[in-house]
Amino acid sequence: MTKFEQKVLKFCRKIPQGKVSTYKILAQAVGRPKAARAVGNALNKNKMPIKVPCHRIVKSNGQVGGYVKGQNSKIKLLRNELIKIKNGLIDLNSYLYPAPEKYKKL
DNA sequence: CCTGGGGCAGCCG
DNA sequence: ACGGCTGCCCCAG
């Protein structure tokens with residue numbers, strides 16, 4: 001496992017239950033602002049959803065995004081954490097962590 | 001709403 | 001080591 005992946009997973013674990021983050025934010029957190037896709041790759045490759053709650057990572061536009069066990073599975077997990085999803089969309093204003101300014105203008 | 005192109009770590013030949 | 005392809009993406013038009 002590479003350094004990059006480790007960083008990604010580590011940040012994942014910091015996300016509190018009931019909150020979500022985005023691939024982009026994760027990318028920024030690991031120092032690779034433009035590597036959102038690579039981040040997704042890392043999460044996908046990890047394949048250890050029990051220890052690493054990668055279901056709390058969604059797209060920056062609020063869509064659910066993909067998941068190893070399927071989007072539907074991901075949605076269930078999120079709902080299970082009291083996160084409301086309307087038609088495949090998550091309200092980032094309410095759930096986003098660490099909540100950057102640009103998402104707070106509601 | 002849809003289309004196209006960019007950018008990045010990993011994997012494979 | 002090298003080049004090309006891929007994928008839980010992002011953003012501008």
# chains A, B, ... in the order shown; residues from 1 in each chain; ligands from 1
>>> interface_residues(of="chain A", to="chain B", cutoff="7 Å", atoms="only C-alpha atoms (C1' of nucleotides)", output="ChimeraX atom specification")
/A:34-35,37-38
>>> closest_atom_pairs(of="chain A", to="chain C", cutoff="6 Å", atoms="only C-alpha atoms (C1' of nucleotides)", output="JSON lines")
{"residue": "A:Ala36", "atom": "CA", "partner": "C:DC9", "partner_atom": "C1'", "distance": 5.4}
{"residue": "A:Arg37", "atom": "CA", "partner": "C:DC9", "partner_atom": "C1'", "distance": 4.4}
{"residue": "A:Gly40", "atom": "CA", "partner": "C:DC8", "partner_atom": "C1'", "distance": 5.1}
{"residue": "A:Gly65", "atom": "CA", "partner": "C:DC8", "partner_atom": "C1'", "distance": 5.7}
{"residue": "A:Gly66", "atom": "CA", "partner": "C:DC8", "partner_atom": "C1'", "distance": 3.7}
{"residue": "A:Tyr67", "atom": "CA", "partner": "C:DC8", "partner_atom": "C1'", "distance": 4.8}
>>> select_by_dssp(residues="chain A", states="alpha helix (DSSP H)", output="ChimeraX atom specification")
/A:3-14,23-29,36-46,71-80,92-95
>>> atom_distance(atom1="atom CA of Gly31 of chain A", atom2="atom CA of Asn44 of chain A")
19.3 Å
>>> atom_distance(atom1="atom CA of Lys45 of chain A", atom2="atom CA of Val68 of chain A")
8.7 Å
>>> atom_distance(atom1="atom CA of Glu5 of chain A", atom2="atom CA of Val20 of chain A")
18.7 Å
>>> select_by_dssp(residues="chain A", states="strand (DSSP E)", output="compact mmCIF listing (two decimals) with N, CA, C and O atoms, in the first residue's frame")
# COMPACT_ATOMS: atom_id res chain seq x y z
N SER A 21 -17.85 13.75 3.24
CA SER A 21 -16.85 14.61 2.63
C SER A 21 -16.83 14.31 1.14
O SER A 21 -17.55 13.42 0.70
N THR A 22 -16.01 15.02 0.41
CA THR A 22 -15.98 14.78 -1.02
C THR A 22 -14.60 14.33 -1.48
O THR A 22 -13.62 14.51 -0.77
N ILE A 57 -17.79 9.32 1.60
CA ILE A 57 -17.22 10.19 0.57
C ILE A 57 -18.14 10.27 -0.62
O ILE A 57 -18.49 9.26 -1.20
N VAL A 58 -18.54 11.49 -0.96
CA VAL A 58 -19.42 11.67 -2.10
C VAL A 58 -18.81 12.63 -3.11
O VAL A 58 -17.76 13.21 -2.85
N ILE A 85 -31.06 11.59 1.92
CA ILE A 85 -30.71 11.67 0.52
C ILE A 85 -31.98 11.79 -0.32
O ILE A 85 -32.83 10.93 -0.28
N LYS A 86 -32.07 12.89 -1.04
CA LYS A 86 -33.24 13.07 -1.89
C LYS A 86 -32.88 12.82 -3.33
O LYS A 86 -32.12 13.57 -3.94
N LEU A 89 -29.31 12.68 -4.25
CA LEU A 89 -28.56 13.88 -3.92
C LEU A 89 -28.42 14.08 -2.42
O LEU A 89 -29.37 13.88 -1.68
N ILE A 90 -27.26 14.50 -2.00
CA ILE A 90 -27.00 14.77 -0.59
C ILE A 90 -26.86 16.27 -0.39
O ILE A 90 -26.20 16.94 -1.18
